[in-house]
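Asks: Shown below is the structure under consideration.
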Amino acid sequence: MKTVRIKIICFFIAYLSFMALNTGMFWWNVVSLRDRLMVLDNFHELLSNILEIRRYEKNFIFYPEPGSLKEAVIYLDKAEDDVAQLKGKIIEIGGREYYEGFMDDLNDYSRQLTLLAGGSKGDPVETRKLGSAMVQKAQSLLVLKKQRIHEALIRIQYIPIAVMVSLAVLITALFYWQAKKVFSRLVYVQRAAEGVARGDYDAIDKIRNDDEISILMRSAFSNMAAELESRQHQLIESRKLVSIGTLTSGIAHELNNPLNNVSLTADTMLEEIDDLDKDEAREMLQDIINEIGRASKVVKNLLDFSREGEHAMAQLSAESLVMETRKLVANQLKMDKITMQTDIPDGLPLVKGDMHSLQQVFINLFINADHAMTGGGILSVSVRPASGNFLRFDVSDNGCGMTSETVERIFDPFYTTKPVGKGTGLGLSIIYGIIKKHGGFIEVQSELGEGTTFSIYLPALTNEEEGNEQISSGGN
């Protein structure tokens with residue numbers, strides 16, 4: 001859980017940093033607005049002083065009052081002080097040329113007032129013109145400053161909205177990121193569970209993340225897969241007895257024939273023992289030995305097939321695999337009027353596999369074909385090389401066939417179309433797992449009323465691999 005805690009801490013640090021940044025921006029804009037309002041007051045003060053100058057100027061020119069001119073000079077000094085204090089702000093708002101023009105007007109106006117105050121001949125018209133220009137410039141500065149303050153207010157209004165939108169986007173992105181990870185893990189769990197159910201454990205290794213949850217999931221599925229594989233092996237071993245039970249009638253018939261022959265021959269010898277010469281007795285005893293050998297071979301095949309324990313992987317020929325399995329079901333097929341045809345050409349490459357597990361697979365397919373052909377039919381087994389260095393085993397029947405819906409589900413665990421007591425007890429999902437474990441795969445083609453073909457693909461050994469196997473076996 002260390003990684004999860006680190007991620008949570010990083011998230012809170014990022015969140016606090018984001019909030020601190022936005023709070024700092026908001027505070028900076030508020031302080032900036034306060035400063036702008038104070039500057040606006042200074043601009044109002046400048047405009048007020050210039051208007052006072054104009055008032056006393058008017059009183060001096062139109063109503064000759066010598067004291068008015070002195071008052072105008074006082075306010076002119078105040079205006080000059082205001083402009084000096086606001087120099088940076090004026091340049092920021094209007095530019096340096098605007099500031100220099102403003103100062104030129106102030107200086108010219110000051111000179112005109114000085115001339116008028118000294119009794120010299122000043123130009124009242126020029127004085128009023130300069131005064132009007134100063135008022136316009138002061139008003140323009142005031143308007144520009146108000147625009148700046150309005151823009152600052154708009155920014156301050158949008159900052160909370162921007163903060164909320166940014167926070168919503170951040171939370172949405174984090175939620176999407178986490179949800180995507182969760183859903184990817186759920187998809188992994190679904191695929192891994194489906195793969196494990198089919199005996200395909202490759203899906204367990206497809207999650208690559210190294211966080212605690214991913215490691216826990218991999219570990220849990222790996223343990224489950226190991227346990228299921230062990231249980232599956234036990235299930236296959238136990239189901240062999242079910243397969244033998246299904247084949248009982250055929251096996252009993254196969255044992256009954258040689259035992260009857262032995263019994264008849266022994267009875268004949270007992271009745272005619274005094275009349276038999278050595279050659280006849282020897283021939284009859286040889287018949288008994290041969291029939292006992294037939295029965296012994298049947299029992300040996302059954303014992304080999306039903307023997308429990310781990311079976312080593314070995315090099316197998318397609319012919320031996322099919323023909324040895326055929327021996328176990330031959331009488332069952334014969335009793336049900338099923339003709340089995342095989343097409344296995346010479347020179348096929350070997351496959352590496354567990355003889356007993358693969359026999360169980362083919363027995364299941366043979367008996368399924370038997371049940372699909374009520375009243376008799378033809379069971380065909382052909383073996384051919386396939387692309388991708390595989391050996392293809394086709395098990396075909398001309399029985400009842402299956403619907404497309406059934407074909408899609410036949411490898412699902414616990415799915416069956418057979419009544420209770422029918423079949424070998426080994427589901428196609430387990431067969432799928434056995435073939436998958438051997439590195440192969442299965443395909444199915446079926447038409448309702450036409451028949452079914454199961455195609456089993458097993459990896460073929462190359463000549464080099466066959467040689468290496470032989471060297472390894474020789475070294476052991």
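Chain lettering (A, B, ...) mirrors the order of the structure tokens, residue numbering begins at 1 for each chain separately, and ligand numbering begins at 1 in order of display.
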List the spatial neighbours of region 377-392 of chain A as a list in words - criterion: any atom at most 6 Å away, only C-alpha atoms, same-chain residues fewer than 2 positions off excluded.
Replies: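 Answer for this query is Ile338, Thr339, Met340, Gln341, Thr342, Asp343, Ile344, Met373, Asp394, Val395, Ser396, Asp397, Ile456, Tyr457, Leu458, Pro459 and Ala460 of chain A.
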Asks: Write to file, as a short mmCIF file (atom, residue, chain, number, x, y, z; two decimals), in the first residue's frame, the residues of the selection just made, with all heavy atoms.
Replies:
data_model
loop_
_atom_site.label_atom_id
_atom_site.label_comp_id
_atom_site.auth_asym_id
_atom_site.auth_seq_id
_atom_site.Cartn_x
_atom_site.Cartn_y
_atom_site.Cartn_z
N ILE A 338 -21.15 -48.30 -35.68
CA ILE A 338 -20.37 -47.15 -36.14
C ILE A 338 -19.13 -47.68 -36.84
O ILE A 338 -18.37 -48.48 -36.28
CB ILE A 338 -19.95 -46.24 -34.96
CG1 ILE A 338 -21.17 -45.79 -34.17
CG2 ILE A 338 -19.16 -45.05 -35.47
CD1 ILE A 338 -22.15 -44.97 -34.94
N THR A 339 -18.94 -47.26 -38.07
CA THR A 339 -17.75 -47.63 -38.83
C THR A 339 -16.71 -46.52 -38.67
O THR A 339 -16.98 -45.36 -38.97
CB THR A 339 -18.08 -47.80 -40.32
OG1 THR A 339 -19.06 -48.84 -40.46
CG2 THR A 339 -16.83 -48.19 -41.10
N MET A 340 -15.54 -46.90 -38.19
CA MET A 340 -14.48 -45.91 -37.99
C MET A 340 -13.47 -46.01 -39.12
O MET A 340 -12.91 -47.07 -39.38
CB MET A 340 -13.79 -46.13 -36.64
CG MET A 340 -12.76 -45.05 -36.32
SD MET A 340 -12.15 -45.21 -34.62
CE MET A 340 -11.00 -43.83 -34.55
N GLN A 341 -13.24 -44.88 -39.79
CA GLN A 341 -12.30 -44.81 -40.89
C GLN A 341 -11.16 -43.87 -40.50
O GLN A 341 -11.40 -42.80 -39.94
CB GLN A 341 -12.99 -44.29 -42.16
CG GLN A 341 -14.13 -45.17 -42.63
CD GLN A 341 -14.85 -44.57 -43.82
OE1 GLN A 341 -14.66 -43.40 -44.16
NE2 GLN A 341 -15.69 -45.38 -44.46
N THR A 342 -9.94 -44.28 -40.79
CA THR A 342 -8.78 -43.45 -40.47
C THR A 342 -7.98 -43.15 -41.73
O THR A 342 -7.87 -43.99 -42.62
CB THR A 342 -7.86 -44.15 -39.45
OG1 THR A 342 -7.43 -45.40 -39.98
CG2 THR A 342 -8.58 -44.37 -38.13
N ASP A 343 -7.46 -41.96 -41.78
CA ASP A 343 -6.61 -41.54 -42.90
C ASP A 343 -5.39 -40.83 -42.31
O ASP A 343 -5.42 -39.63 -42.04
CB ASP A 343 -7.40 -40.60 -43.81
CG ASP A 343 -6.58 -40.13 -45.01
OD1 ASP A 343 -5.49 -40.69 -45.23
OD2 ASP A 343 -7.03 -39.19 -45.71
N ILE A 344 -4.35 -41.62 -42.08
CA ILE A 344 -3.13 -41.10 -41.44
C ILE A 344 -1.95 -41.43 -42.35
O ILE A 344 -1.46 -42.57 -42.34
CB ILE A 344 -2.93 -41.71 -40.04
CG1 ILE A 344 -4.19 -41.54 -39.19
CG2 ILE A 344 -1.73 -41.06 -39.35
CD1 ILE A 344 -4.14 -42.24 -37.85
N MET A 373 -24.70 -40.19 -33.66
CA MET A 373 -25.11 -41.02 -34.81
C MET A 373 -25.97 -42.18 -34.31
O MET A 373 -25.54 -43.35 -34.29
CB MET A 373 -23.88 -41.53 -35.57
CG MET A 373 -23.07 -40.43 -36.21
SD MET A 373 -21.63 -41.03 -37.16
CE MET A 373 -20.52 -41.55 -35.85
N ASP A 394 -8.58 -34.21 -37.57
CA ASP A 394 -10.00 -33.97 -37.83
C ASP A 394 -10.80 -35.19 -37.41
O ASP A 394 -10.58 -36.31 -37.92
CB ASP A 394 -10.24 -33.69 -39.31
CG ASP A 394 -9.76 -32.31 -39.73
OD1 ASP A 394 -9.70 -31.43 -38.85
OD2 ASP A 394 -9.46 -32.11 -40.92
N VAL A 395 -11.75 -34.99 -36.47
CA VAL A 395 -12.65 -36.06 -36.02
C VAL A 395 -14.04 -35.69 -36.52
O VAL A 395 -14.65 -34.75 -36.01
CB VAL A 395 -12.62 -36.21 -34.49
CG1 VAL A 395 -13.57 -37.32 -34.05
CG2 VAL A 395 -11.20 -36.50 -33.99
N SER A 396 -14.54 -36.44 -37.52
CA SER A 396 -15.79 -36.08 -38.19
C SER A 396 -16.82 -37.19 -38.04
O SER A 396 -16.48 -38.37 -37.99
CB SER A 396 -15.56 -35.82 -39.68
OG SER A 396 -14.56 -34.84 -39.88
N ASP A 397 -18.08 -36.78 -37.97
CA ASP A 397 -19.19 -37.73 -37.96
C ASP A 397 -20.27 -37.23 -38.89
O ASP A 397 -20.29 -36.05 -39.26
CB ASP A 397 -19.73 -37.93 -36.53
CG ASP A 397 -20.36 -36.67 -35.96
OD1 ASP A 397 -21.43 -36.26 -36.44
OD2 ASP A 397 -19.77 -36.08 -35.02
N ILE A 456 -8.48 -30.63 -34.11
CA ILE A 456 -7.53 -30.42 -33.02
C ILE A 456 -6.16 -30.14 -33.62
O ILE A 456 -5.65 -30.93 -34.42
CB ILE A 456 -7.48 -31.63 -32.07
CG1 ILE A 456 -8.84 -31.82 -31.40
CG2 ILE A 456 -6.38 -31.46 -31.03
CD1 ILE A 456 -8.91 -33.02 -30.50
N TYR A 457 -5.57 -29.02 -33.22
CA TYR A 457 -4.25 -28.62 -33.71
C TYR A 457 -3.23 -28.80 -32.58
O TYR A 457 -3.37 -28.19 -31.51
CB TYR A 457 -4.26 -27.17 -34.17
CG TYR A 457 -5.11 -26.90 -35.39
CD1 TYR A 457 -6.49 -26.75 -35.28
CD2 TYR A 457 -4.53 -26.80 -36.65
CE1 TYR A 457 -7.28 -26.50 -36.39
CE2 TYR A 457 -5.32 -26.55 -37.78
CZ TYR A 457 -6.69 -26.40 -37.63
OH TYR A 457 -7.47 -26.15 -38.74
N LEU A 458 -2.24 -29.64 -32.82
CA LEU A 458 -1.16 -29.85 -31.85
C LEU A 458 0.16 -29.45 -32.50
O LEU A 458 0.40 -29.74 -33.68
CB LEU A 458 -1.10 -31.31 -31.42
CG LEU A 458 -2.29 -31.83 -30.59
CD1 LEU A 458 -2.16 -33.33 -30.35
CD2 LEU A 458 -2.40 -31.08 -29.27
N PRO A 459 1.04 -28.76 -31.74
CA PRO A 459 2.33 -28.34 -32.31
C PRO A 459 3.16 -29.55 -32.76
O PRO A 459 3.29 -30.52 -32.02
CB PRO A 459 3.01 -27.59 -31.16
CG PRO A 459 1.91 -27.21 -30.24
CD PRO A 459 0.87 -28.28 -30.35
N ALA A 460 3.67 -29.49 -33.96
CA ALA A 460 4.50 -30.58 -34.50
C ALA A 460 5.97 -30.31 -34.16
O ALA A 460 6.43 -29.17 -34.16
CB ALA A 460 4.32 -30.68 -36.01
#
Asks: I want to know what sits within 10 Å of region 18-25 of chain A, based on only C-alpha atoms, with residues of the same chain fewer than 4 positions away left out; could you give that as a list of chain:residue names?
Replies: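 Surrounding residues, per the criterion: A:Phe12, A:Ile13, A:Ala14, A:Asn29, A:Val30, A:Val31, A:Ile156, A:Ile159, A:Pro160, A:Ala162, A:Val163, A:Ser166, A:Leu167, A:Leu170.
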Asks: How many Å separate CA of Glu443 (chain A) from CA of Ile363 (chain A)?
Replies: 17.2 Å
Asks: Quick one: of A:His356, A:Lys89, A:Arg34, A:Lys334, who's nearest to Leu144 (chain A), counting only C-alpha atoms?
Replies: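 Of all the options, A:Lys89 lies closest to Leu144 (chain A).
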Asks: Considering only C-alpha atoms, state which residue in the set A:Asn331, A:Thr127, A:Ser32, A:Ser317 is at the smallest distance from Asp346 (chain A).
Replies: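 Closest to Asp346 (chain A) of all the choices is A:Ser317.
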Asks: Grab the CA of Phe393 (chain A) to CA of Ser455 (chain A) distance for me, in Å with one decimal place.
Replies: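 Between CA of Phe393 (chain A) and CA of Ser455 (chain A) the gap works out to 5.5 Å.
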Asks: When you draw a straight line from CA of Ile410 (chain A) to CA of Asn368 (chain A), how long is it in Å?
Replies: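 Taking CA of Ile410 (chain A) and CA of Asn368 (chain A), their separation equals 12.1 Å.
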Asks: Can you pull out the residues contacting region 258-270 of chain A? Cut-off 6 Å, using only C-alpha atoms, and skip same-chain residues under 2 positions away; I want them as a PyMOL selection string.
Replies: chain A and resi 255-256+272-273+288+291
Asks: For Leu333 (chain A), which residue among A:Thr374, A:Gln359, A:Ser48, A:Gln147 is the nearest when counting only C-alpha atoms?
Replies: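 Nearest candidate to Leu333 (chain A) out of A:Thr374, A:Gln359, A:Ser48, A:Gln147: A:Thr374.
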Asks: Using only C-alpha atoms, which of A:Asp370, A:Leu348, A:His44, A:Arg282 sits nearest Glu319 (chain A)?
Replies: A:Leu348
Asks: Return the single residue from A:Ile289, A:Val189, A:Leu16, A:Leu461 that is closest to Leu350 (chain A), with distances computed using only C-alpha atoms.
Replies: A:Leu461
Asks: Return the single residue from A:Ile91, A:Val444, A:Val125, A:Val39 that is closest to Phe62 (chain A), with distances computed using only C-alpha atoms.
Replies: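 Result for the nearest residue to Phe62 (chain A): A:Val125.
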